[in-house]
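The structure appears below as C-alpha cells.
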Amino acid sequence: MSYLTSEKKIDLFKEFGGSATNTGAVDAQIALSTTRINHLTEHLRTHKKDYGTKRSLLKLVGHRRSLLNYLAKKDIEGYRSLIAKLGLRR
C-alpha cells in the first residue's frame, strides 16, 4: 500500500515533464518532491516523534529548494508558473 504508485508517478511526469519517460525534467522532479513532502508532512502530524522521517523531510525540502533556485535562474516564467501550479508559497 504505497502512497506513490508507479501510475501516480507516470501521471506526474506526464503533467510536469511532458512525457512519462522524461523523469529528469526539473519541473517533474520538483513536482515529485512536493508530493513526497506533502505525504511526509501528513505522516508527521500523527507521529510527532518520528525523528528519522523528520530528518528525511528536511533533506527533501532542501533538495526541492535547490531545484527551485536552479529553475528560477534558468527560466523565471517557468518557475512562476510551476509554483502557482503546485501551490507553493514562494
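Every chain in the C-alpha cells has a letter given in the order shown (A, B, ...), and although residue numbers restart at 1 in each chain, ligands are simply numbered from 1 in the order shown.
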Residues of chain A classed as helix (DSSP H, G or I) by DSSP on the backbone are to be reported as a PyMOL selection string. chain A and resi 6-17+26-46+51-74+76-86
What are the closest atom pairs, with distances in Å to one decimal, for each residue of region 62-89 of chain A lying within 10 Å of region 23-40 of chain A, using only C-alpha atoms, rows by chain and rising residue number, as a Markdown table?
```
| residue | atom | partner | partner_atom | distance |
| --- | --- | --- | --- | --- |
| A:His63 | CA | A:Ser33 | CA | 8.3 |
| A:Arg64 | CA | A:Ile30 | CA | 5.8 |
| A:Arg65 | CA | A:Ile30 | CA | 8.7 |
| A:Ser66 | CA | A:Ile30 | CA | 9.7 |
| A:Leu67 | CA | A:Ile30 | CA | 6.8 |
| A:Leu68 | CA | A:Ile30 | CA | 7.3 |
| A:Tyr70 | CA | A:Val26 | CA | 8.6 |
| A:Leu71 | CA | A:Val26 | CA | 7.1 |
| A:Gly78 | CA | A:Asp27 | CA | 8.5 |
| A:Tyr79 | CA | A:Asp27 | CA | 8.5 |
| A:Leu82 | CA | A:Asp27 | CA | 7.1 |
| A:Ile83 | CA | A:Ile30 | CA | 9.5 |
| A:Lys85 | CA | A:Ala31 | CA | 9.5 |
| A:Leu86 | CA | A:Ala31 | CA | 7.2 |
| A:Gly87 | CA | A:Thr34 | CA | 9.8 |
| A:Leu88 | CA | A:Thr34 | CA | 8.9 |
```
For region 50-58 of chain A, list every protein, DNA or RNA residue within 8 Å, evaluated using only C-alpha atoms, and leave out those in the same chain fewer than 2 positions away; present the list as a PyMOL selection string. chain A and resi 37+40-41+44+47-48+60-62
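Across the structure, CA of Glu7 (chain A) and CA of Asn69 (chain A) are spaced 28.3 Å apart.
Here CA of Ser6 (chain A) is placed at a distance of 12.1 Å from CA of Thr21 (chain A).
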